[in-house]
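*Asks:* Next up, coords.csv (CSV, C-alpha atoms).
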```csv
chain,number,residue,atom,x,y,z
A,202,MET,CA,-114.4,15.4,-37.4
A,203,ILE,CA,-112.1,18.4,-36.9
A,204,ASP,CA,-109.8,16.4,-34.6
A,205,ASP,CA,-109.4,13.8,-37.3
A,206,TYR,CA,-108.6,16.3,-39.9
A,207,ILE,CA,-106.0,18.0,-37.7
A,208,THR,CA,-104.4,14.7,-36.8
A,209,VAL,CA,-104.0,13.7,-40.4
A,210,ASN,CA,-102.9,17.1,-41.6
A,211,VAL,CA,-100.8,18.5,-38.7
A,212,ASN,CA,-98.2,20.0,-41.1
A,213,ARG,CA,-100.9,21.9,-43.0
A,214,VAL,CA,-103.0,23.2,-40.1
A,215,ILE,CA,-102.5,26.6,-38.4
A,216,ILE,CA,-104.4,27.2,-35.2
A,217,ILE,CA,-105.1,30.8,-34.3
A,218,PHE,CA,-106.2,32.0,-30.8
A,219,ASP,CA,-107.1,35.7,-31.2
A,220,GLY,CA,-107.4,37.8,-28.1
A,221,PHE,CA,-105.7,35.6,-25.4
A,222,ASP,CA,-106.0,38.6,-22.9
A,223,GLU,CA,-109.8,38.0,-23.0
A,224,PHE,CA,-109.4,34.3,-22.1
A,225,ARG,CA,-110.5,33.5,-18.6
A,226,GLU,CA,-108.3,30.5,-17.7
A,227,GLN,CA,-104.8,31.0,-16.4
A,228,LEU,CA,-102.1,29.4,-18.6
A,229,LEU,CA,-99.4,29.0,-15.9
A,230,LEU,CA,-99.7,25.9,-13.6
A,231,SER,CA,-102.4,24.5,-15.9
A,232,LYS,CA,-100.5,21.9,-17.9
A,233,ALA,CA,-102.6,19.2,-16.2
A,234,SER,CA,-105.8,21.1,-17.3
A,235,SER,CA,-108.5,19.2,-19.2
A,236,SER,CA,-109.1,22.3,-21.3
A,237,GLU,CA,-108.3,21.6,-24.9
A,238,VAL,CA,-107.4,25.3,-25.4
A,239,ILE,CA,-104.8,25.2,-22.6
A,240,ARG,CA,-103.4,21.8,-23.8
A,241,ILE,CA,-102.9,23.3,-27.3
A,242,LEU,CA,-101.3,26.5,-25.9
A,243,VAL,CA,-98.8,24.7,-23.8
A,244,THR,CA,-97.9,22.3,-26.7
A,245,GLU,CA,-99.4,19.2,-25.0
A,246,GLN,CA,-101.8,18.7,-27.9
A,247,TYR,CA,-101.2,19.1,-31.6
A,248,ASN,CA,-97.6,20.1,-30.9
A,249,SER,CA,-96.7,19.6,-34.6
A,250,CYS,CA,-99.2,22.3,-35.7
A,251,LYS,CA,-98.3,25.9,-36.0
A,252,VAL,CA,-100.1,28.0,-33.3
A,253,ILE,CA,-100.6,31.8,-33.5
A,254,VAL,CA,-101.7,33.6,-30.3
A,255,THR,CA,-102.6,37.3,-30.2
A,256,THR,CA,-102.9,39.2,-27.0
A,257,ARG,CA,-102.4,42.6,-25.4
A,258,PRO,CA,-98.9,42.9,-24.0
A,259,TRP,CA,-99.9,42.6,-20.3
A,260,ARG,CA,-100.7,38.9,-20.6
A,261,THR,CA,-97.6,37.8,-22.4
A,262,ASN,CA,-96.0,37.2,-19.0
A,263,GLU,CA,-97.8,33.9,-18.8
A,264,PHE,CA,-95.7,32.7,-21.7
A,265,MET,CA,-92.5,34.5,-20.8
A,266,MET,CA,-92.3,32.9,-17.3
A,267,ASP,CA,-92.3,29.4,-18.7
A,268,ARG,CA,-89.0,28.4,-20.2
A,269,SER,CA,-90.5,25.7,-22.4
A,270,LEU,CA,-93.0,28.1,-23.9
A,271,VAL,CA,-90.3,30.8,-24.5
A,272,GLU,CA,-88.4,28.2,-26.5
A,273,ALA,CA,-91.6,27.0,-28.3
A,274,TYR,CA,-92.9,30.5,-29.3
A,275,THR,CA,-91.6,33.3,-31.4
A,276,PHE,CA,-92.7,36.7,-29.9
A,277,LEU,CA,-93.6,39.5,-32.2
A,278,ASN,CA,-95.0,43.0,-31.6
A,279,ILE,CA,-97.9,43.8,-33.9
A,280,GLU,CA,-97.9,47.4,-34.9
A,281,GLY,CA,-100.9,47.5,-37.2
A,282,PHE,CA,-101.0,50.0,-40.0
A,283,ASN,CA,-97.6,51.4,-40.9
A,284,LYS,CA,-97.1,54.9,-42.3
A,285,GLU,CA,-97.4,53.8,-45.9
A,286,ASN,CA,-100.5,51.7,-45.2
A,287,LEU,CA,-102.2,54.5,-43.4
A,288,SER,CA,-101.5,57.2,-46.1
A,289,THR,CA,-102.6,54.8,-48.8
A,290,TYR,CA,-105.9,53.9,-47.0
A,291,ILE,CA,-106.7,57.6,-46.3
A,292,ARG,CA,-106.0,58.7,-49.9
A,293,LYS,CA,-108.2,55.9,-51.3
A,294,TYR,CA,-111.0,56.7,-48.9
A,295,PHE,CA,-111.2,60.4,-49.9
A,296,ARG,CA,-110.4,59.8,-53.6
A,297,ILE,CA,-113.6,57.8,-53.9
A,298,ARG,CA,-115.5,60.8,-52.5
A,299,GLU,CA,-113.5,63.3,-54.6
A,300,LYS,CA,-112.2,65.1,-51.6
A,301,ASP,CA,-108.4,64.7,-52.0
A,302,ASP,CA,-107.7,67.9,-50.1
A,303,LEU,CA,-109.2,66.4,-47.0
A,304,ALA,CA,-107.0,63.4,-47.3
A,305,GLU,CA,-103.8,65.4,-47.1
A,306,SER,CA,-105.1,67.5,-44.2
A,307,LEU,CA,-106.0,64.4,-42.2
A,308,ILE,CA,-102.7,62.8,-42.9
A,309,SER,CA,-100.9,65.9,-41.7
A,310,PHE,CA,-103.0,66.0,-38.5
A,311,MET,CA,-102.1,62.3,-37.8
A,312,LYS,CA,-98.4,63.0,-38.3
A,313,GLU,CA,-98.4,66.0,-36.1
A,314,ASN,CA,-100.5,64.5,-33.2
A,315,ASP,CA,-98.4,61.9,-31.4
A,316,VAL,CA,-101.4,60.6,-29.4
A,317,ILE,CA,-103.3,59.8,-32.5
A,318,ARG,CA,-100.2,58.4,-34.2
A,319,SER,CA,-99.4,56.1,-31.3
A,320,ASN,CA,-102.8,55.0,-30.1
A,321,MET,CA,-105.3,55.1,-32.9
A,322,THR,CA,-103.7,55.1,-36.4
A,323,PRO,CA,-102.5,51.5,-36.2
A,324,PHE,CA,-106.1,50.3,-35.8
A,325,PRO,CA,-108.2,50.3,-39.1
A,326,ILE,CA,-111.5,50.7,-37.2
A,327,TYR,CA,-110.3,54.1,-35.7
A,328,CYS,CA,-108.7,55.2,-39.0
A,329,ALA,CA,-112.1,54.6,-40.6
A,330,MET,CA,-113.9,56.6,-37.9
A,331,LEU,CA,-111.4,59.5,-38.2
A,332,CYS,CA,-112.0,59.5,-42.0
A,333,LEU,CA,-115.7,59.7,-41.5
A,334,MET,CA,-115.4,62.4,-38.9
A,335,TRP,CA,-113.1,64.4,-41.2
A,336,THR,CA,-115.6,64.1,-44.0
A,337,GLU,CA,-118.6,65.2,-42.0
A,338,TYR,CA,-117.1,67.8,-39.8
A,339,SER,CA,-117.1,71.5,-40.8
A,340,GLU,CA,-113.7,73.2,-41.2
A,341,ASP,CA,-114.2,74.8,-37.7
A,342,ARG,CA,-115.0,71.5,-36.1
A,343,ARG,CA,-111.9,69.9,-37.7
A,344,LYS,CA,-109.8,72.7,-36.2
A,345,GLU,CA,-111.3,72.0,-32.8
A,346,LEU,CA,-110.4,68.3,-33.1
A,347,GLN,CA,-106.8,69.3,-34.0
A,348,LYS,CA,-106.5,71.1,-30.7
A,349,LEU,CA,-107.2,68.0,-28.7
A,350,HIS,CA,-104.0,66.5,-27.4
A,351,THR,CA,-105.0,63.5,-25.2
A,352,PHE,CA,-106.2,60.1,-26.1
A,353,SER,CA,-109.2,60.4,-23.9
A,354,LYS,CA,-110.4,63.7,-25.4
A,355,ILE,CA,-110.0,62.4,-28.9
A,356,PHE,CA,-111.8,59.1,-28.2
A,357,GLY,CA,-114.5,61.0,-26.3
A,358,ASP,CA,-115.0,63.1,-29.4
A,359,MET,CA,-115.5,59.9,-31.4
A,360,ILE,CA,-118.2,58.8,-29.0
A,361,SER,CA,-119.9,62.3,-29.2
A,362,PHE,CA,-119.8,62.0,-33.0
A,363,LEU,CA,-121.6,58.6,-32.9
A,364,LYS,CA,-124.2,60.1,-30.6
A,365,GLU,CA,-124.7,63.1,-32.9
A,366,HIS,CA,-125.0,60.7,-35.9
A,367,TYR,CA,-127.6,58.7,-34.1
A,368,ALA,CA,-129.6,61.8,-33.2
A,369,SER,CA,-129.5,63.2,-36.7
A,370,LYS,CA,-130.7,59.9,-38.2
A,371,VAL,CA,-133.7,59.6,-35.7
A,372,CYS,CA,-134.7,63.2,-36.4
A,373,GLU,CA,-134.7,62.6,-40.2
A,374,ASN,CA,-137.5,60.1,-39.8
A,375,ILE,CA,-139.6,61.8,-37.1
A,376,GLN,CA,-141.0,65.3,-37.5
A,377,ASN,CA,-140.8,67.9,-34.8
A,378,GLN,CA,-138.0,66.1,-32.9
A,379,LYS,CA,-135.2,67.9,-31.1
A,380,PRO,CA,-131.8,66.4,-31.6
A,381,VAL,CA,-130.8,67.3,-28.1
A,382,GLU,CA,-133.3,65.0,-26.6
A,383,HIS,CA,-131.9,62.1,-28.6
A,384,LEU,CA,-128.4,63.0,-27.6
A,385,LYS,CA,-129.5,62.8,-24.0
A,386,GLU,CA,-131.2,59.5,-24.7
A,387,ALA,CA,-127.9,58.1,-26.1
A,388,SER,CA,-126.0,59.3,-23.1
A,389,ARG,CA,-128.6,57.7,-20.7
A,390,ALA,CA,-128.4,54.4,-22.7
A,391,ILE,CA,-124.6,54.3,-22.4
A,392,GLN,CA,-124.9,55.0,-18.7
A,393,GLU,CA,-127.3,52.1,-18.2
A,394,VAL,CA,-125.1,49.5,-19.9
A,395,SER,CA,-121.9,50.8,-18.3
A,396,GLU,CA,-121.9,48.5,-15.3
A,397,ILE,CA,-122.1,45.5,-17.6
A,398,ALA,CA,-119.1,46.9,-19.5
A,399,LEU,CA,-117.0,47.1,-16.3
A,400,ASP,CA,-118.1,43.7,-15.0
A,401,GLY,CA,-117.1,42.2,-18.4
A,402,LEU,CA,-113.6,43.7,-18.2
A,403,PHE,CA,-113.1,42.2,-14.7
A,404,ASP,CA,-114.3,38.8,-16.1
A,405,LYS,CA,-112.3,39.3,-19.4
A,406,ASN,CA,-115.6,39.3,-21.4
A,407,LEU,CA,-116.1,41.3,-24.6
A,408,SER,CA,-119.3,39.6,-25.6
A,409,PHE,CA,-122.4,38.8,-23.6
A,410,PRO,CA,-125.7,36.8,-24.0
A,411,GLU,CA,-128.5,39.2,-24.8
A,412,GLU,CA,-130.3,38.0,-21.6
A,413,GLN,CA,-127.7,39.8,-19.6
A,414,PHE,CA,-129.2,43.1,-20.8
A,415,ARG,CA,-132.8,42.1,-19.8
A,416,GLU,CA,-133.0,44.9,-17.2
A,417,CYS,CA,-131.8,47.5,-19.7
A,418,ARG,CA,-133.1,46.1,-23.0
A,419,ASP,CA,-134.2,49.5,-24.4
A,420,ALA,CA,-130.8,51.0,-23.5
A,421,MET,CA,-129.1,48.0,-25.3
A,422,ASP,CA,-131.2,48.7,-28.4
A,423,THR,CA,-130.3,52.4,-28.4
A,424,CYS,CA,-126.6,51.6,-27.9
A,425,CYS,CA,-126.7,49.3,-30.9
A,426,ARG,CA,-128.3,52.1,-33.0
A,427,VAL,CA,-125.6,54.5,-31.7
A,428,GLY,CA,-122.9,52.1,-32.6
A,429,VAL,CA,-121.2,51.3,-29.3
A,430,LEU,CA,-122.8,47.9,-29.1
A,431,THR,CA,-123.5,45.3,-31.8
A,432,ILE,CA,-125.8,42.3,-31.6
A,433,GLU,CA,-125.5,39.1,-33.5
A,434,ARG,CA,-128.2,36.5,-33.8
A,435,ASN,CA,-127.5,33.0,-35.0
A,436,VAL,CA,-129.9,30.0,-35.6
A,437,ILE,CA,-128.9,27.1,-33.3
A,438,THR,CA,-128.9,23.7,-35.0
A,439,ARG,CA,-131.0,20.9,-33.5
A,440,GLU,CA,-127.9,19.0,-32.5
A,441,ARG,CA,-126.5,22.1,-30.7
A,442,ARG,CA,-129.8,22.7,-28.9
A,443,HIS,CA,-129.6,19.1,-27.6
A,444,ASP,CA,-126.0,19.5,-26.5
A,445,VAL,CA,-126.6,22.6,-24.4
A,446,ASN,CA,-130.1,21.6,-23.3
A,447,ILE,CA,-132.0,24.7,-24.5
A,448,SER,CA,-135.1,25.1,-26.6
A,449,SER,CA,-134.5,28.5,-28.2
A,450,LEU,CA,-133.9,28.5,-32.0
A,451,VAL,CA,-131.7,31.6,-31.9
A,452,ALA,CA,-128.6,32.5,-29.9
A,453,SER,CA,-128.1,36.3,-29.4
A,454,THR,CA,-124.7,37.7,-28.6
A,455,VAL,CA,-124.1,41.4,-27.7
A,456,SER,CA,-120.6,42.8,-28.0
A,457,PHE,CA,-118.6,46.0,-28.2
A,458,PRO,CA,-117.0,46.9,-31.6
A,459,HIS,CA,-113.6,47.0,-30.0
A,460,LYS,CA,-112.3,46.7,-26.4
A,461,LEU,CA,-111.6,50.4,-26.2
A,462,PHE,CA,-115.3,51.1,-26.5
A,463,GLN,CA,-116.0,48.8,-23.6
A,464,GLU,CA,-113.2,50.5,-21.6
A,465,TYR,CA,-114.5,53.9,-22.3
A,466,ILE,CA,-118.1,52.9,-21.2
A,467,ALA,CA,-116.7,51.2,-18.1
A,468,GLY,CA,-115.2,54.6,-17.2
A,469,VAL,CA,-118.6,56.1,-17.4
A,470,TYR,CA,-119.8,53.7,-14.7
A,471,ILE,CA,-116.8,54.5,-12.5
A,472,GLU,CA,-117.5,58.2,-12.8
A,473,TYR,CA,-121.1,57.5,-11.8
A,474,LEU,CA,-120.0,55.6,-8.7
A,475,PHE,CA,-117.6,58.4,-7.7
A,476,GLY,CA,-120.6,60.8,-7.5
A,477,SER,CA,-123.3,58.5,-6.1
A,478,ASP,CA,-121.8,55.5,-4.3
A,479,ARG,CA,-118.4,56.2,-2.8
A,480,PRO,CA,-117.9,52.9,-1.0
A,481,LYS,CA,-118.6,50.9,-4.2
A,482,TYR,CA,-116.3,53.3,-6.1
A,483,GLU,CA,-113.4,52.7,-3.6
A,484,GLU,CA,-113.9,48.9,-4.0
A,485,VAL,CA,-113.8,49.2,-7.8
A,486,LYS,CA,-110.9,51.6,-7.7
A,487,ASN,CA,-108.8,49.3,-5.5
A,488,LYS,CA,-109.6,46.3,-7.8
A,489,ILE,CA,-108.4,48.2,-10.8
A,490,LEU,CA,-105.3,49.7,-9.2
A,491,SER,CA,-104.2,46.1,-8.1
A,492,ARG,CA,-103.6,45.4,-11.9
A,493,PRO,CA,-103.2,48.9,-13.5
A,494,GLU,CA,-101.5,47.9,-16.7
A,495,GLU,CA,-104.5,45.7,-17.6
A,496,PHE,CA,-106.8,48.6,-17.0
A,497,ARG,CA,-104.6,51.4,-18.5
A,498,TYR,CA,-107.2,52.8,-20.8
A,499,VAL,CA,-110.0,52.6,-18.2
A,500,LEU,CA,-107.7,54.7,-16.0
A,501,TYR,CA,-107.1,57.1,-18.9
A,502,PHE,CA,-110.8,57.6,-19.7
A,503,THR,CA,-111.9,57.7,-16.0
A,504,SER,CA,-109.2,60.2,-15.0
A,505,ALA,CA,-110.2,62.5,-17.8
A,506,SER,CA,-113.9,62.5,-17.0
A,507,ARG,CA,-113.8,64.8,-14.0
A,508,ASN,CA,-111.0,66.8,-12.3
A,509,GLU,CA,-111.5,65.6,-8.7
A,510,LEU,CA,-111.9,62.0,-9.9
A,511,GLY,CA,-108.7,62.2,-11.9
A,512,LEU,CA,-106.8,63.5,-8.9
A,513,ASP,CA,-108.1,60.7,-6.7
A,514,ILE,CA,-107.0,58.1,-9.3
A,515,ILE,CA,-103.5,59.7,-9.5
A,516,ASN,CA,-103.2,59.7,-5.7
A,517,GLY,CA,-104.2,56.1,-5.6
A,518,LEU,CA,-101.6,55.2,-8.3
A,519,ILE,CA,-98.9,57.1,-6.4
A,520,LYS,CA,-99.7,55.3,-3.2
A,521,SER,CA,-99.7,51.9,-5.0
A,522,ALA,CA,-96.4,52.7,-6.6
A,523,THR,CA,-94.8,53.8,-3.3
A,524,ASN,CA,-95.9,50.6,-1.6
A,525,ASN,CA,-94.7,48.5,-4.5
A,526,PHE,CA,-91.2,49.9,-4.4
A,527,ALA,CA,-90.7,48.3,-1.0
A,528,PHE,CA,-91.0,44.9,-2.7
A,529,HIS,CA,-89.1,45.8,-5.8
A,530,SER,CA,-85.7,46.3,-4.2
A,531,LEU,CA,-85.8,49.8,-5.7
A,532,HIS,CA,-84.6,48.7,-9.1
A,533,ASP,CA,-84.5,51.7,-11.4
A,534,LYS,CA,-86.6,50.0,-14.1
A,535,ASP,CA,-89.4,49.3,-11.7
A,536,GLN,CA,-89.4,52.9,-10.5
A,537,ASP,CA,-89.3,54.2,-14.0
A,538,ALA,CA,-92.2,52.0,-15.2
A,539,GLU,CA,-94.5,53.0,-12.3
A,540,ARG,CA,-93.5,56.6,-12.5
A,541,ASP,CA,-94.1,56.7,-16.3
A,542,PHE,CA,-97.5,55.1,-15.8
A,543,CYS,CA,-98.5,57.9,-13.4
A,544,VAL,CA,-97.2,60.5,-15.8
A,545,ASP,CA,-99.3,58.9,-18.6
A,546,VAL,CA,-102.5,59.0,-16.5
A,547,ALA,CA,-101.8,62.6,-15.2
A,548,PHE,CA,-101.4,63.7,-18.8
A,549,GLU,CA,-104.8,62.4,-19.7
A,550,CYS,CA,-106.2,64.3,-16.7
A,551,GLN,CA,-104.9,67.6,-18.1
A,552,THR,CA,-105.1,69.4,-14.7
A,553,ASP,CA,-102.4,71.2,-12.7
A,554,GLU,CA,-103.4,69.3,-9.6
A,555,ALA,CA,-102.8,65.9,-11.0
A,556,THR,CA,-99.5,66.7,-12.7
A,557,ARG,CA,-98.4,68.5,-9.5
A,558,ALA,CA,-99.1,65.4,-7.5
A,559,VAL,CA,-96.9,63.3,-9.8
A,560,GLY,CA,-94.2,66.0,-9.9
A,561,GLU,CA,-94.0,66.2,-6.1
A,562,ARG,CA,-93.5,62.4,-5.9
A,563,TRP,CA,-90.8,62.4,-8.5
A,564,ASN,CA,-89.2,65.8,-8.6
A,565,GLU,CA,-86.3,64.7,-10.8
A,566,TYR,CA,-87.2,63.0,-14.0
A,567,LYS,CA,-85.0,60.8,-16.2
A,568,LEU,CA,-86.4,61.0,-19.8
A,569,TRP,CA,-85.0,58.0,-21.7
A,570,PHE,CA,-84.3,58.6,-25.4
A,571,ASN,CA,-86.6,55.7,-26.4
A,572,ALA,CA,-89.5,56.7,-24.1
A,573,PRO,CA,-93.0,56.3,-25.6
A,574,GLN,CA,-94.2,59.5,-27.2
A,575,HIS,CA,-97.3,59.6,-24.9
A,576,THR,CA,-95.0,59.7,-21.9
A,577,VAL,CA,-92.8,62.4,-23.4
A,578,SER,CA,-95.9,64.5,-24.0
A,579,GLY,CA,-96.9,64.0,-20.4
A,580,VAL,CA,-93.5,65.2,-19.1
A,581,VAL,CA,-93.6,68.2,-21.4
A,582,PHE,CA,-97.1,69.0,-20.1
A,583,MET,CA,-95.9,68.7,-16.5
A,584,VAL,CA,-93.1,71.2,-17.2
A,585,ARG,CA,-95.5,73.6,-18.8
A,586,CYS,CA,-98.2,73.6,-16.2
A,587,ASN,CA,-96.2,73.8,-13.0
A,588,GLN,CA,-92.8,74.4,-11.6
A,589,VAL,CA,-92.5,71.2,-9.6
A,590,VAL,CA,-90.7,69.5,-12.5
A,591,SER,CA,-88.6,72.2,-14.2
A,592,ASP,CA,-86.5,72.1,-17.3
A,593,ALA,CA,-83.5,71.8,-15.1
A,594,ALA,CA,-84.9,68.6,-13.4
A,595,LEU,CA,-85.2,66.7,-16.7
A,596,ILE,CA,-82.3,64.4,-17.4
A,597,LEU,CA,-82.1,63.2,-21.0
A,598,LEU,CA,-80.5,59.7,-21.3
```
Could I get this file's structure written as structure tokens?
*Replies:*
Amino acid sequence: MIDDYITVNVNRVIIIFDGFDEFREQLLLSKASSSEVIRILVTEQYNSCKVIVTTRPWRTNEFMMDRSLVEAYTFLNIEGFNKENLSTYIRKYFRIREKDDLAESLISFMKENDVIRSNMTPFPIYCAMLCLMWTEYSEDRRKELQKLHTFSKIFGDMISFLKEHYASKVCENIQNQKPVEHLKEASRAIQEVSEIALDGLFDKNLSFPEEQFRECRDAMDTCCRVGVLTIERNVITRERRHDVNISSLVASTVSFPHKLFQEYIAGVYIEYLFGSDRPKYEEVKNKILSRPEEFRYVLYFTSASRNELGLDIINGLIKSATNNFAFHSLHDKDQDAERDFCVDVAFECQTDEATRAVGERWNEYKLWFNAPQHTVSGVVFMVRCNQVVSDAALILL
């Protein structure tokens, strides 16, 4: 039925594939694939329709490396909220609550904090969370939040806020309950589902059948109440039950609100392995370091969780970068990209040892005028916390 409609209305149909980076199949070398999705993406099917594909940047290479796809697609960088959208949203949020003064202070905080501005404000879900936190935090707590400079610490504060919210709601309904016990319960629940989070990232899964949580069902329920998981239950039609040969009337899907939640919780599992199962940790670490850009935020969150773990991640990244240079013919742009990546992760660590390790590997630093603000902040942090990279060693280009 849908195929017939598309065939008849090819000039009126727009096909949207949202989140190609979560799609398991490889696009390249797959033009003979029987997958309908692949055939549409490579313009073998419905090639008169407009097709929109969204993805995180790391997976655009599969399109960029095929000349025919480069010619077929227009590539755009989606920035999310712009400054005007952001300010308008925040002012409307607080105007409804008659707290206009809080709106201006939050806007000011976002403008002054480059980590917030670059990594969180473009996404409406995080703007909404920051507005809620700004509303419920005391003035002293807001000042504490303003002192946080790394993405990991700010996102960690968001997770803490959700756990506190959960504890307070439970205690409202049950007498003689101590909030600290429910905070611990929330942390344990997140720990129990963290392995599933990491496995999902390796498999490019953001959603899972409820059955996958059968061994930690209580933890799953708690995480849903905390807000780091969501569950959706849909009635399966009789025809669909026949197609997939199942008898259940309901299909339950568990997912994370956003990929960053899954990446943060995956970092919880890696921290656990570092302290309890070092061989498994090394296996996981090597797997992640073999494709670091894909796991950028996992590396951020993991490195920030414990000082010695952060240093181990940094040393692994430096070793990988050094080995890769032998195969890159030492092009400046390759060295710059890998060095900047190490700087970004070291900045999230916020320790002298991690930044010193990076500084000793690259003791002269070219700071390009259009470098990302997160990287600039990392270089400034390196200069402030040790003398390996000094002001004199910075070359502004």
*Asks:* Would you mind reading off the distance between atom CA of Ile291 of chain A and atom CA of Glu345 of chain A, one decimal, in Å?
*Replies:*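 Straight-line distance from atom CA of Ile291 of chain A to atom CA of Glu345 of chain A works out to 20.3 Å.
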*Asks:* Axis-aligned box over every listed atom of segment 286-299 of chain A, padded by 5 Å per side: centre and edges in Å to one decimal, as JSON?
*Replies:*
```
{"center_x": -108.0, "center_y": 57.5, "center_z": -49.0, "size_x": 25.0, "size_y": 21.6, "size_z": 21.2}
```
*Asks:* Of the candidates A:Tyr290, A:Gly560, A:Thr322, A:Phe462, which shows the shortest atom-to-atom distance to Met359 of chain A, using only C-alpha atoms?
*Replies:*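 Between A:Tyr290, A:Gly560, A:Thr322, A:Phe462, the residue approaching Met359 of chain A most closely is A:Phe462.
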*Asks:* Applying 12 Å and all atoms listed in the file, which residues near Gly220 of chain A remain after dropping the ones on its own chain fewer than 5 positions away? List them as a VMD selection string.
*Replies:* chain A and resid 225 253 to 261 405 to 407 459 to 460
*Asks:* Taking C-alpha atoms for each residue, export the selection above as a PDB file, in the coordinates of the input.
*Replies:*
```
ATOM      1  CA  ARG A 225    -110.500  33.500 -18.600  1.00  0.00           C
ATOM      2  CA  ILE A 253    -100.600  31.800 -33.500  1.00  0.00           C
ATOM      3  CA  VAL A 254    -101.700  33.600 -30.300  1.00  0.00           C
ATOM      4  CA  THR A 255    -102.600  37.300 -30.200  1.00  0.00           C
ATOM      5  CA  THR A 256    -102.900  39.200 -27.000  1.00  0.00           C
ATOM      6  CA  ARG A 257    -102.400  42.600 -25.400  1.00  0.00           C
ATOM      7  CA  PRO A 258     -98.900  42.900 -24.000  1.00  0.00           C
ATOM      8  CA  TRP A 259     -99.900  42.600 -20.300  1.00  0.00           C
ATOM      9  CA  ARG A 260    -100.700  38.900 -20.600  1.00  0.00           C
ATOM     10  CA  THR A 261     -97.600  37.800 -22.400  1.00  0.00           C
ATOM     11  CA  LYS A 405    -112.300  39.300 -19.400  1.00  0.00           C
ATOM     12  CA  ASN A 406    -115.600  39.300 -21.400  1.00  0.00           C
ATOM     13  CA  LEU A 407    -116.100  41.300 -24.600  1.00  0.00           C
ATOM     14  CA  HIS A 459    -113.600  47.000 -30.000  1.00  0.00           C
ATOM     15  CA  LYS A 460    -112.300  46.700 -26.400  1.00  0.00           C
TER      16      LYS A 460
END
```
*Asks:* State, in Å with one decimal place, the distance from atom CA of Lys364 of chain A to atom CA of Glu313 of chain A.
*Replies:*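 So the answer is 27.0 Å.
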*Asks:* For each of A:Ser235, A:Ser521, A:Thr351, A:Gln463, take the minimum atom-to-atom distance to Asp315 of chain A, counting all atoms listed in the file, then give the residue where this is smallest.
*Replies:*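 With all atoms listed in the file as the atom set, the closest residue is A:Thr351.
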*Asks:* Grab the atom CA of Gln227 of chain A to atom CA of Tyr482 of chain A distance for me, in Å with one decimal place.
*Replies:* 27.1 Å
*Asks:* Using all atoms listed in the file, can you tell me which of A:Phe282, A:Asp404, A:His366, A:Ala505 comes closest to Pro325 of chain A?
*Replies:*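 Of A:Phe282, A:Asp404, A:His366, A:Ala505, the one nearest Pro325 of chain A is A:Phe282, counting all atoms listed in the file.
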*Asks:* Quick one: residues within 10 Å of segment 414-430 of chain A, all atoms listed in the file counted, chain neighbours fewer than 5 positions away excluded, as a PyMOL selection string?
*Replies:* chain A and resi 360-368+370-371+383-384+386-394+397+408-409+455-459+462-463+466
*Asks:* With C-alpha atoms retained, export the selected residues as a compact mmCIF listing (two decimals), in the coordinates of the input.
*Replies:*
```
# COMPACT_ATOMS: atom_id res chain seq x y z
CA ILE A 360 -118.20 58.80 -29.00
CA SER A 361 -119.90 62.30 -29.20
CA PHE A 362 -119.80 62.00 -33.00
CA LEU A 363 -121.60 58.60 -32.90
CA LYS A 364 -124.20 60.10 -30.60
CA GLU A 365 -124.70 63.10 -32.90
CA HIS A 366 -125.00 60.70 -35.90
CA TYR A 367 -127.60 58.70 -34.10
CA ALA A 368 -129.60 61.80 -33.20
CA LYS A 370 -130.70 59.90 -38.20
CA VAL A 371 -133.70 59.60 -35.70
CA HIS A 383 -131.90 62.10 -28.60
CA LEU A 384 -128.40 63.00 -27.60
CA GLU A 386 -131.20 59.50 -24.70
CA ALA A 387 -127.90 58.10 -26.10
CA SER A 388 -126.00 59.30 -23.10
CA ARG A 389 -128.60 57.70 -20.70
CA ALA A 390 -128.40 54.40 -22.70
CA ILE A 391 -124.60 54.30 -22.40
CA GLN A 392 -124.90 55.00 -18.70
CA GLU A 393 -127.30 52.10 -18.20
CA VAL A 394 -125.10 49.50 -19.90
CA ILE A 397 -122.10 45.50 -17.60
CA SER A 408 -119.30 39.60 -25.60
CA PHE A 409 -122.40 38.80 -23.60
CA VAL A 455 -124.10 41.40 -27.70
CA SER A 456 -120.60 42.80 -28.00
CA PHE A 457 -118.60 46.00 -28.20
CA PRO A 458 -117.00 46.90 -31.60
CA HIS A 459 -113.60 47.00 -30.00
CA PHE A 462 -115.30 51.10 -26.50
CA GLN A 463 -116.00 48.80 -23.60
CA ILE A 466 -118.10 52.90 -21.20
```
*Asks:* Return the single residue from A:Ala558, A:Cys550, A:Leu228, A:Met265 that is closest to Lys354 of chain A, with distances computed using all atoms listed in the file.
*Replies:* A:Cys550
*Asks:* Would you mind telling me which residue in A:Glu272, A:Glu340, A:Asp301, A:Asp358 lies nearest to Tyr327 of chain A when using all atoms listed in the file?
*Replies:* A:Asp358
